[in-house]
Amino acid sequence: MSHLLRTSRLFAWLFLTGLSLATIVASGFYLYLRPGLPPVEQLLDIKLQTPLRVYSADDKLIAEFGEKRRAPVTIEQIPTIQLHAFLAAEDARFYEHFGVDFKGLMRAAIELVSTGEIQSGGSTITMQVAKNYFLSRDRTFIRKFNEILLALQIERELDKSRILELYLNKIYLGNRAYGIAAAAQVYYDKPVTELSLAEMAMLAGLPKAPSAYNPLANPSRAEARRNWILGRMRDLEYITPDAYELAATAPLTATFNAPSSEVEADYVAEMARADMVRRFGDTAYTDGYKVKLTVDSKKQREATLALRKGLEEYDQRHGFRGPIGQVGEDELEPDSLDNLMANYPRVAELVPAVVTSVRDDDNEVDLHARGLGTSVMAFNTMTWARRYKTENLTGPEPEQPSDVVAPGDIVYVKPMVVMTPEPASNDEDSGESSDQPIAGIPDVRRVALSQVPRAQGALISLEAKTGAMEALAGGYSFSQNKYNRATQAKRQPGSTFKPFLYLSALEQGMTPATIYNDAPIVFDDSELETTWRPQNSSGQFYGPTRLREALYRSRNLVSVRLLRDLGIQNTIDYLDQLQIPTEDMQKDLSLSLGSGQLTPMDLARGFAVIANGGYDVTPYLVDSISDVNDEVIFEAPQVILCDDDCDEEQKEIDEEDRNARIARRLADERSVYILHSMMRDVIRLGTGRRAQALGRDDISGKTGTTNEQRDTWFGGFNHDIATTVWVGFDQPQPLGRREFGASTALPVWLDYMTVALNGESSSLMPRPNGIVNIRIDPETGERARPGQEGAMFELFKEEDAPPELDPQDESSGSSDNGDDGGLSRQIF
């Protein structure tokens with residue numbers, strides 16, 4: 001007994017000594033590590049890395065920027081059964097332990113010994129929160145001890161629901177999805193509340209190994225993991241045996257669903273991204289900002305489509321440039337066609353395809369298109385494909401498919417939508433009459449020959465009174481070229497510059513009835529470095545012409561003479577007054593023909609100033625910015641149009657701390673009103689007649705074409721909306737001698753404005769005081785005699801109206817009052 005007692009005492013002392021040493025070591029580690037542990041309060045302030053999301057004015061998703069997909073949710077938004085699935089998989093005793101589960105650690109050790117792997121894991125959810133939020137992923141003893149200490153500290157200071165919420169928003173679940181809400185969208189394209197039991201269990205299996213148990217990469221392992229979790233849920237009585245059987249036999253339904261934009265607006269999205277980075281730096285990508293833009297999704301969609309259509313139509317008018325690549329017929333093996341097409345990118349809606357056979361007898365071509373597979377192209381989609389020779393010359397029209405393509409040719413095609421009728425509904429209560437359109441199914445295997453346009457373009461549409469961008473397209477395809485021509489391309493505006501010149505003339509006392517001579521003129525000007533002989537686009541001369549007619553017929557020689565009379569520097573100063581950039585303006589008479597350089601945005605903003613009646617506007621894109629908690633942290637200021645005492649009004653706004661901006665008057669409203677009338681005649685009688693297709697009486701506009709047709713323009717507006725379109729090459733070169741603003745830019749503008757103005761009532765600038773209508777002689781611009789045939793009404797500012805006729809002149813029919821009636825302008 002004494003030996004046994006001595007032995008027992010020895011073991012007792014050894015145990016106590018070991019326990020003491022362990023306690024001392026643990027206390028030492030605690031005292032050493034505790035000062036470096038972060039306070040738990042930081043968890044409440046941590047911003048989860050949430051991507052930047054950009055939305056249209058009508059709340060359609062345009063783009064998402066950021067490495068991590070995440071959509072934070074509260075614990076109340078997550079179904080209880082989903083919580084149970086994660087608890088069963090990761091920490092079944094979550095509501096029982098105090099941060100560290102020693103039973104769980106023992107179970108994990110037993111699983112490791114018996115099966116060779118750990119199914120449930122030894123770390124608690126609280127320990128994983130500590131690791132995910134505060135610690136590195138280094139597998140060291142020090143890191144594990146820190147994890148345990150932090151878990152104990154977290155449990156003391158936060159309730160279980162808050163800990164679980166933090167965990168479910170932070171965990172990585174594969175495919176760049178962080179948090180349960182993002183994973184539900186990525187794998188199932190559903191919100192968390194709509195997941196089935198099998199889908200919930202599948203997501204609960206991902207935290208342990210997002211790659212190994214990923215249903216997209218390893219479906220068999222993912223299914224086994226899902227079913228194990230379902231079994232745990234059954235054993236823990238979270239679900240019934242019947243529910244287990246149903247879910248365990250459910251097929252795998254996971255697919256990859258990256259957040260897709262609802263509006264194709266890549267140029268706009270990039271502008272918003274750059275703006276946010278300027279404001280917030282790199283945190284713009286991670287702090288969960290939501291940016292609401294001024295663009296309308298419907299208008300933006302049409303702007304993109306209209307510009308693409310216009311560029312494709314221009315391109316096809318100038319012929320087919322041939323295949324973009326070729327392969328030998330021996331390479332056309334069915335198994336290798338996908339690999340062949342992988343080297344050629346898709347551009348916008350255009351898809352690369354390789355010709356596998358040409359069937360002239362059937363007037364069809366067989367192809368293999370990237371992403372579409374076997375496709376058929378009918379010859380009637382190829383008849384445009386005359387061979388391109390120069391911008392002014394094409395070959396003969398093709399007569400059969402083999403005149404255009406051959407086997408092995410790689411070309412771009414556009415999927416066609418062939419409407420296949422569906423069975424009519426027999427529902428008598430549907431309320432649909434028999435003449436309703438029949439729904440259809442698109443058959444994307446029918447394709448049309450196309451090619452990527454070489455010419456480029458831009459479209460900008462502004463709300464005239466505020467400068468808000470309603471739509472913007474900066475080129476044919478952002479994926480092809482990220483250069484935003486709407487804001488970055490400085491080009492000559494050509495005749496679209498003339499309205500600013502004519503507005504300057506109206507401000508200086510000239511009228512729409514002022515006569516100028518449209519006759520040859522030669523300048524030997526040192527500023528121009530050569531003899532300059534300007535001429536009209538027609539090459540003809542038309543003699544004495546009223547300014548109204550000169551504008552709507554775009555007479556170049558009248559504009560040159562007009563600028564000479566106004567003065568070059570005076571005109572530059574007036575452009576500065578209108579806030580139109582002048583640093584790239586020519587300081588010679590060629591300025592009258594738009595030889596300076598402006599971006600499409602500059603021109604659109606200038607037309608908006610005219611459209612709104614002469615008020616300064618600043619184009620803007622961002623309407624509001626919200627943080628991750630949906631609190632608005634920025635809102636675009638209200639625009640207030642101001643005529644008088646603007647400084648006082650701005651002072652009141654500043655004192656009252658109102659979110660508003662003053663838009664000052666830049667031009668006399670009567671001059672602008674008369675210019676509106678003159679520019680409406682561009683649509684009624686002049687170079688913009690094609691815009692009459694809108695069937696509206698409130699449209700004003702101006703075409704523009706530069707020398708050798710290198711740049712073509714159309715700017716048009718009513719009192720509410722101003723839209724400008726430019727078409728040209730990135731490296732300036734002629735578009736072709738038959739291409740003008742009316743044939744290239746105006747069709748794009750028309751397609752867009754048909755949608756933008758649909759359902760909108762007529763919007764004309766209100767007539768200001770001080771305007772008079774007077775009948776004039778169109779040949780002289782003077783007042784017409786009573787009863788004179790061919791007389792017409794014209795608008796004048798009261799002080800600029802033609803003088804009353806002398807009674808003697810009225811009776812004699814003479815209008816000679818000793819003035820030359822502008823004869824010097826007619827002749828010289």
# chains A, B, ... in the order shown; residues from 1 in each chain; ligands from 1
$ select_by_dssp --residues "stretch 387-595 of chain A" --states "strand (DSSP E or B)" --output "PyMOL selection string"
chain A and resi 387-390+393-394+409-415+446-450+456-463+468-473+491+515-518+523-525+530-532+543-546
$ closest_residue --among "A:Ser700, A:Ser592, A:Ser450, A:Ser677" --to "A:Leu557" --atoms "only C-alpha atoms"
A:Ser592
$ residues_around --residues "A:Gly395" --least-positions-apart "6" --cutoff "9 Å" --atoms "only C-alpha atoms" --output "JSON, numbers by chain"
{"A": [319, 385, 386, 387, 388, 389]}
$ write_last_selection --atoms "all heavy atoms" --output "PDB file, in the first residue's frame"
ATOM      1  N   GLY A 319     -18.681  48.650 -99.173  1.00  0.00           N
ATOM      2  CA  GLY A 319     -18.221  47.357 -99.655  1.00  0.00           C
ATOM      3  C   GLY A 319     -17.600  46.456 -98.599  1.00  0.00           C
ATOM      4  O   GLY A 319     -17.362  46.839 -97.445  1.00  0.00           O
ATOM      5  N   ALA A 385     -22.294  42.977-100.283  1.00  0.00           N
ATOM      6  CA  ALA A 385     -20.856  42.764-100.162  1.00  0.00           C
ATOM      7  C   ALA A 385     -20.104  42.935-101.482  1.00  0.00           C
ATOM      8  O   ALA A 385     -19.385  42.038-101.935  1.00  0.00           O
ATOM      9  CB  ALA A 385     -20.587  41.390 -99.552  1.00  0.00           C
ATOM     10  N   ARG A 386     -20.266  44.103-102.108  1.00  0.00           N
ATOM     11  CA  ARG A 386     -19.391  44.449-103.226  1.00  0.00           C
ATOM     12  C   ARG A 386     -17.967  44.577-102.673  1.00  0.00           C
ATOM     13  O   ARG A 386     -17.774  44.999-101.552  1.00  0.00           O
ATOM     14  CB  ARG A 386     -19.810  45.789-103.839  1.00  0.00           C
ATOM     15  CG  ARG A 386     -21.218  45.814-104.419  1.00  0.00           C
ATOM     16  CD  ARG A 386     -21.609  47.253-104.754  1.00  0.00           C
ATOM     17  NE  ARG A 386     -22.937  47.349-105.341  1.00  0.00           N
ATOM     18  CZ  ARG A 386     -23.173  47.431-106.649  1.00  0.00           C
ATOM     19  NH1 ARG A 386     -22.142  47.434-107.503  1.00  0.00           N
ATOM     20  NH2 ARG A 386     -24.396  47.514-107.120  1.00  0.00           N
ATOM     21  N   ARG A 387     -16.995  44.259-103.454  1.00  0.00           N
ATOM     22  CA  ARG A 387     -15.620  44.334-102.986  1.00  0.00           C
ATOM     23  C   ARG A 387     -15.194  45.790-102.781  1.00  0.00           C
ATOM     24  O   ARG A 387     -15.368  46.633-103.671  1.00  0.00           O
ATOM     25  CB  ARG A 387     -14.673  43.673-103.984  1.00  0.00           C
ATOM     26  CG  ARG A 387     -14.745  42.160-103.974  1.00  0.00           C
ATOM     27  CD  ARG A 387     -14.139  41.589-102.683  1.00  0.00           C
ATOM     28  NE  ARG A 387     -14.391  40.151-102.571  1.00  0.00           N
ATOM     29  CZ  ARG A 387     -13.945  39.392-101.579  1.00  0.00           C
ATOM     30  NH1 ARG A 387     -13.249  39.948-100.608  1.00  0.00           N
ATOM     31  NH2 ARG A 387     -14.206  38.110-101.551  1.00  0.00           N
ATOM     32  N   TYR A 388     -14.656  46.083-101.611  1.00  0.00           N
ATOM     33  CA  TYR A 388     -14.156  47.424-101.311  1.00  0.00           C
ATOM     34  C   TYR A 388     -12.880  47.681-102.104  1.00  0.00           C
ATOM     35  O   TYR A 388     -11.980  46.844-102.155  1.00  0.00           O
ATOM     36  CB  TYR A 388     -13.868  47.551 -99.819  1.00  0.00           C
ATOM     37  CG  TYR A 388     -13.134  48.820 -99.444  1.00  0.00           C
ATOM     38  CD1 TYR A 388     -13.827  49.993 -99.204  1.00  0.00           C
ATOM     39  CD2 TYR A 388     -11.741  48.832 -99.336  1.00  0.00           C
ATOM     40  CE1 TYR A 388     -13.161  51.164 -98.858  1.00  0.00           C
ATOM     41  CE2 TYR A 388     -11.067  49.995 -98.999  1.00  0.00           C
ATOM     42  CZ  TYR A 388     -11.774  51.154 -98.763  1.00  0.00           C
ATOM     43  OH  TYR A 388     -11.108  52.306 -98.433  1.00  0.00           O
ATOM     44  N   LYS A 389     -12.803  48.830-102.772  1.00  0.00           N
ATOM     45  CA  LYS A 389     -11.587  49.235-103.473  1.00  0.00           C
ATOM     46  C   LYS A 389     -11.036  50.516-102.864  1.00  0.00           C
ATOM     47  O   LYS A 389      -9.894  50.577-102.435  1.00  0.00           O
ATOM     48  CB  LYS A 389     -11.874  49.409-104.962  1.00  0.00           C
ATOM     49  CG  LYS A 389     -12.245  48.084-105.651  1.00  0.00           C
ATOM     50  CD  LYS A 389     -12.442  48.266-107.145  1.00  0.00           C
ATOM     51  CE  LYS A 389     -12.766  46.923-107.819  1.00  0.00           C
ATOM     52  NZ  LYS A 389     -12.962  47.065-109.277  1.00  0.00           N
TER      53      LYS A 389
END
$ atom_distance --atom1 "atom CA of A:Glu96" --atom2 "atom CA of A:His84"
14.2 Å
$ residues_around --residues "A:Tyr552" --least-positions-apart "6" --cutoff "10 Å" --atoms "only C-alpha atoms" --output "count of residues only"
15
$ closest_residue --among "A:Ala636, A:Ala513, A:Ala71, A:Leu503" --to "A:Val291" --atoms "only C-alpha atoms"
A:Ala636
$ residues_around --residues "stretch 773-781 of chain A" --least-positions-apart "4" --cutoff "9 Å" --atoms "only C-alpha atoms" --output "ChimeraX atom specification"
/A:512-515,544-546,785,788-797,801-802,821-822
$ write_last_selection --atoms "N, CA, C and O atoms" --output "compact mmCIF listing (two decimals), in the first residue's frame"
# COMPACT_ATOMS: atom_id res chain seq x y z
N PRO A 512 -32.45 87.82 -89.42
CA PRO A 512 -32.57 86.75 -90.41
C PRO A 512 -32.76 87.28 -91.83
O PRO A 512 -32.55 86.54 -92.80
N ALA A 513 -33.17 88.56 -91.96
CA ALA A 513 -33.41 89.14 -93.29
C ALA A 513 -32.19 89.89 -93.83
O ALA A 513 -32.24 90.41 -94.95
N THR A 514 -31.12 89.96 -93.05
CA THR A 514 -29.91 90.64 -93.54
C THR A 514 -29.38 89.91 -94.77
O THR A 514 -29.28 88.68 -94.78
N ILE A 515 -29.05 90.69 -95.80
CA ILE A 515 -28.61 90.11 -97.08
C ILE A 515 -27.09 90.04 -97.15
O ILE A 515 -26.39 91.01 -96.85
N PRO A 544 -27.19 87.13 -103.86
CA PRO A 544 -27.70 87.71 -102.61
C PRO A 544 -28.62 86.74 -101.86
O PRO A 544 -29.57 86.21 -102.44
N THR A 545 -28.33 86.54 -100.59
CA THR A 545 -29.04 85.53 -99.80
C THR A 545 -29.30 86.07 -98.40
O THR A 545 -28.41 86.65 -97.77
N ARG A 546 -30.53 85.88 -97.92
CA ARG A 546 -30.86 86.24 -96.55
C ARG A 546 -30.13 85.29 -95.57
O ARG A 546 -29.90 84.13 -95.89
N ARG A 785 -44.14 95.97 -99.51
CA ARG A 785 -45.21 96.92 -99.79
C ARG A 785 -46.56 96.24 -99.59
O ARG A 785 -46.67 95.02 -99.74
N GLN A 788 -47.86 93.24 -101.84
CA GLN A 788 -46.75 92.73 -102.66
C GLN A 788 -46.78 91.21 -102.71
O GLN A 788 -46.89 90.53 -101.70
N GLU A 789 -46.68 90.66 -103.92
CA GLU A 789 -46.67 89.21 -104.09
C GLU A 789 -45.32 88.65 -103.65
O GLU A 789 -44.27 89.28 -103.85
N GLY A 790 -45.36 87.43 -103.10
CA GLY A 790 -44.13 86.76 -102.68
C GLY A 790 -43.58 87.25 -101.36
O GLY A 790 -42.52 86.79 -100.91
N ALA A 791 -44.26 88.20 -100.73
CA ALA A 791 -43.79 88.70 -99.44
C ALA A 791 -43.93 87.60 -98.38
O ALA A 791 -44.74 86.68 -98.51
N MET A 792 -43.12 87.67 -97.32
CA MET A 792 -43.13 86.65 -96.28
C MET A 792 -42.92 87.31 -94.92
O MET A 792 -42.38 88.42 -94.83
N PHE A 793 -43.36 86.63 -93.89
CA PHE A 793 -43.17 87.15 -92.54
C PHE A 793 -41.79 86.74 -92.01
O PHE A 793 -41.31 85.63 -92.27
N GLU A 794 -41.18 87.64 -91.26
CA GLU A 794 -39.90 87.35 -90.64
C GLU A 794 -39.92 87.86 -89.21
O GLU A 794 -40.66 88.79 -88.86
N LEU A 795 -39.09 87.25 -88.36
CA LEU A 795 -38.97 87.63 -86.96
C LEU A 795 -37.86 88.65 -86.78
O LEU A 795 -36.77 88.51 -87.38
N PHE A 796 -38.12 89.64 -85.92
CA PHE A 796 -37.11 90.66 -85.63
C PHE A 796 -37.19 91.02 -84.15
O PHE A 796 -38.28 90.99 -83.55
N LYS A 797 -36.05 91.38 -83.59
CA LYS A 797 -36.09 92.11 -82.32
C LYS A 797 -36.61 93.51 -82.63
O LYS A 797 -36.32 94.07 -83.70
N ALA A 801 -35.91 95.89 -86.24
CA ALA A 801 -36.89 95.73 -87.30
C ALA A 801 -36.61 96.70 -88.45
O ALA A 801 -36.12 97.82 -88.23
N PRO A 802 -36.91 96.32 -89.70
CA PRO A 802 -36.72 97.23 -90.83
C PRO A 802 -37.56 98.49 -90.65
O PRO A 802 -38.67 98.44 -90.08
N GLY A 821 -28.87 99.54 -98.84
CA GLY A 821 -29.62 98.30 -98.58
C GLY A 821 -28.72 97.10 -98.44
O GLY A 821 -29.10 95.99 -98.76
N GLY A 822 -27.51 97.29 -97.93
CA GLY A 822 -26.61 96.16 -97.80
C GLY A 822 -25.94 95.80 -99.10
O GLY A 822 -25.40 94.71 -99.24
$ residues_around --residues "A:Ala342" --least-positions-apart "2" --cutoff "12 Å" --atoms "only C-alpha atoms" --output "VMD selection string"
chain A and resid 336 to 340 344 to 346 351 to 354 368 to 371 410
$ write_last_selection --atoms "N, CA and C atoms" --output "PDB file, in the first residue's frame"
ATOM      1  N   SER A 336     -12.208  20.593 -84.264  1.00  0.00           N
ATOM      2  CA  SER A 336     -11.222  21.651 -84.098  1.00  0.00           C
ATOM      3  C   SER A 336     -11.792  23.045 -84.351  1.00  0.00           C
ATOM      4  N   LEU A 337     -13.055  23.122 -84.768  1.00  0.00           N
ATOM      5  CA  LEU A 337     -13.611  24.416 -85.165  1.00  0.00           C
ATOM      6  C   LEU A 337     -13.739  25.389 -83.992  1.00  0.00           C
ATOM      7  N   ASP A 338     -14.122  24.877 -82.822  1.00  0.00           N
ATOM      8  CA  ASP A 338     -14.231  25.760 -81.657  1.00  0.00           C
ATOM      9  C   ASP A 338     -12.881  26.366 -81.310  1.00  0.00           C
ATOM     10  N   ASN A 339     -11.813  25.562 -81.381  1.00  0.00           N
ATOM     11  CA  ASN A 339     -10.482  26.080 -81.085  1.00  0.00           C
ATOM     12  C   ASN A 339     -10.056  27.122 -82.118  1.00  0.00           C
ATOM     13  N   LEU A 340     -10.434  26.912 -83.377  1.00  0.00           N
ATOM     14  CA  LEU A 340     -10.096  27.884 -84.414  1.00  0.00           C
ATOM     15  C   LEU A 340     -10.734  29.237 -84.111  1.00  0.00           C
ATOM     16  N   TYR A 344     -10.413  34.508 -82.295  1.00  0.00           N
ATOM     17  CA  TYR A 344     -11.062  35.699 -82.852  1.00  0.00           C
ATOM     18  C   TYR A 344     -12.121  36.198 -81.870  1.00  0.00           C
ATOM     19  N   PRO A 345     -12.025  37.457 -81.448  1.00  0.00           N
ATOM     20  CA  PRO A 345     -12.949  37.962 -80.418  1.00  0.00           C
ATOM     21  C   PRO A 345     -14.314  38.296 -80.994  1.00  0.00           C
ATOM     22  N   ARG A 346     -15.299  38.217 -80.156  1.00  0.00           N
ATOM     23  CA  ARG A 346     -16.610  38.763 -80.490  1.00  0.00           C
ATOM     24  C   ARG A 346     -16.545  40.276 -80.322  1.00  0.00           C
ATOM     25  N   VAL A 351     -20.188  38.108 -84.396  1.00  0.00           N
ATOM     26  CA  VAL A 351     -19.595  36.848 -83.967  1.00  0.00           C
ATOM     27  C   VAL A 351     -18.676  36.326 -85.070  1.00  0.00           C
ATOM     28  N   PRO A 352     -17.452  35.894 -84.742  1.00  0.00           N
ATOM     29  CA  PRO A 352     -16.588  35.308 -85.775  1.00  0.00           C
ATOM     30  C   PRO A 352     -17.079  33.921 -86.171  1.00  0.00           C
ATOM     31  N   ALA A 353     -16.958  33.607 -87.439  1.00  0.00           N
ATOM     32  CA  ALA A 353     -17.414  32.308 -87.948  1.00  0.00           C
ATOM     33  C   ALA A 353     -16.504  31.881 -89.086  1.00  0.00           C
ATOM     34  N   VAL A 354     -16.303  30.567 -89.215  1.00  0.00           N
ATOM     35  CA  VAL A 354     -15.502  30.023 -90.310  1.00  0.00           C
ATOM     36  C   VAL A 354     -16.437  29.354 -91.314  1.00  0.00           C
ATOM     37  N   HIS A 368     -19.386  27.657 -89.084  1.00  0.00           N
ATOM     38  CA  HIS A 368     -19.329  27.319 -87.659  1.00  0.00           C
ATOM     39  C   HIS A 368     -18.995  28.608 -86.931  1.00  0.00           C
ATOM     40  N   ALA A 369     -19.959  29.121 -86.148  1.00  0.00           N
ATOM     41  CA  ALA A 369     -19.804  30.411 -85.482  1.00  0.00           C
ATOM     42  C   ALA A 369     -19.451  30.216 -84.016  1.00  0.00           C
ATOM     43  N   ARG A 370     -18.599  31.092 -83.527  1.00  0.00           N
ATOM     44  CA  ARG A 370     -18.178  31.015 -82.128  1.00  0.00           C
ATOM     45  C   ARG A 370     -19.379  31.173 -81.203  1.00  0.00           C
ATOM     46  N   GLY A 371     -19.565  30.205 -80.330  1.00  0.00           N
ATOM     47  CA  GLY A 371     -20.653  30.261 -79.368  1.00  0.00           C
ATOM     48  C   GLY A 371     -21.997  29.845 -79.921  1.00  0.00           C
ATOM     49  N   ILE A 410     -12.696  33.175 -92.683  1.00  0.00           N
ATOM     50  CA  ILE A 410     -13.223  33.545 -91.365  1.00  0.00           C
ATOM     51  C   ILE A 410     -13.793  34.951 -91.489  1.00  0.00           C
TER      52      ILE A 410
END
$ closest_atom_pairs --of "stretch 477-586 of chain A" --to "stretch 301-309 of chain A" --cutoff "12 Å" --atoms "only C-alpha atoms" --output "JSON lines"
{"residue": "A:Ser477", "atom": "CA", "partner": "A:Arg308", "partner_atom": "CA", "distance": 8.2}
{"residue": "A:Phe478", "atom": "CA", "partner": "A:Thr304", "partner_atom": "CA", "distance": 10.6}
{"residue": "A:Ala486", "atom": "CA", "partner": "A:Leu307", "partner_atom": "CA", "distance": 11.9}
$ residues_around --residues "A:Val628" --least-positions-apart "3" --cutoff "8 Å" --atoms "only C-alpha atoms" --output "VMD selection string"
chain A and resid 50 287 to 290 631
$ closest_residue --among "A:Asn707, A:Ala455, A:Arg661, A:Ser461" --to "A:Gln535" --atoms "only C-alpha atoms"
A:Asn707
$ atom_distance --atom1 "atom CA of A:Lys160" --atom2 "atom CA of A:Ala181"
19.6 Å
$ atom_distance --atom1 "atom CA of A:Pro207" --atom2 "atom CA of A:Pro241"
25.0 Å
$ select_by_dssp --residues "stretch 304-421 of chain A" --states "alpha helix (DSSP H)" --output "list of chain:residue names"
A:Thr304, A:Leu305, A:Ala306, A:Leu307, A:Arg308, A:Lys309, A:Gly310, A:Leu311, A:Glu312, A:Glu313, A:Tyr314, A:Asp315, A:Gln316, A:Arg317, A:Leu337, A:Asp338, A:Asn339, A:Leu340, A:Met341
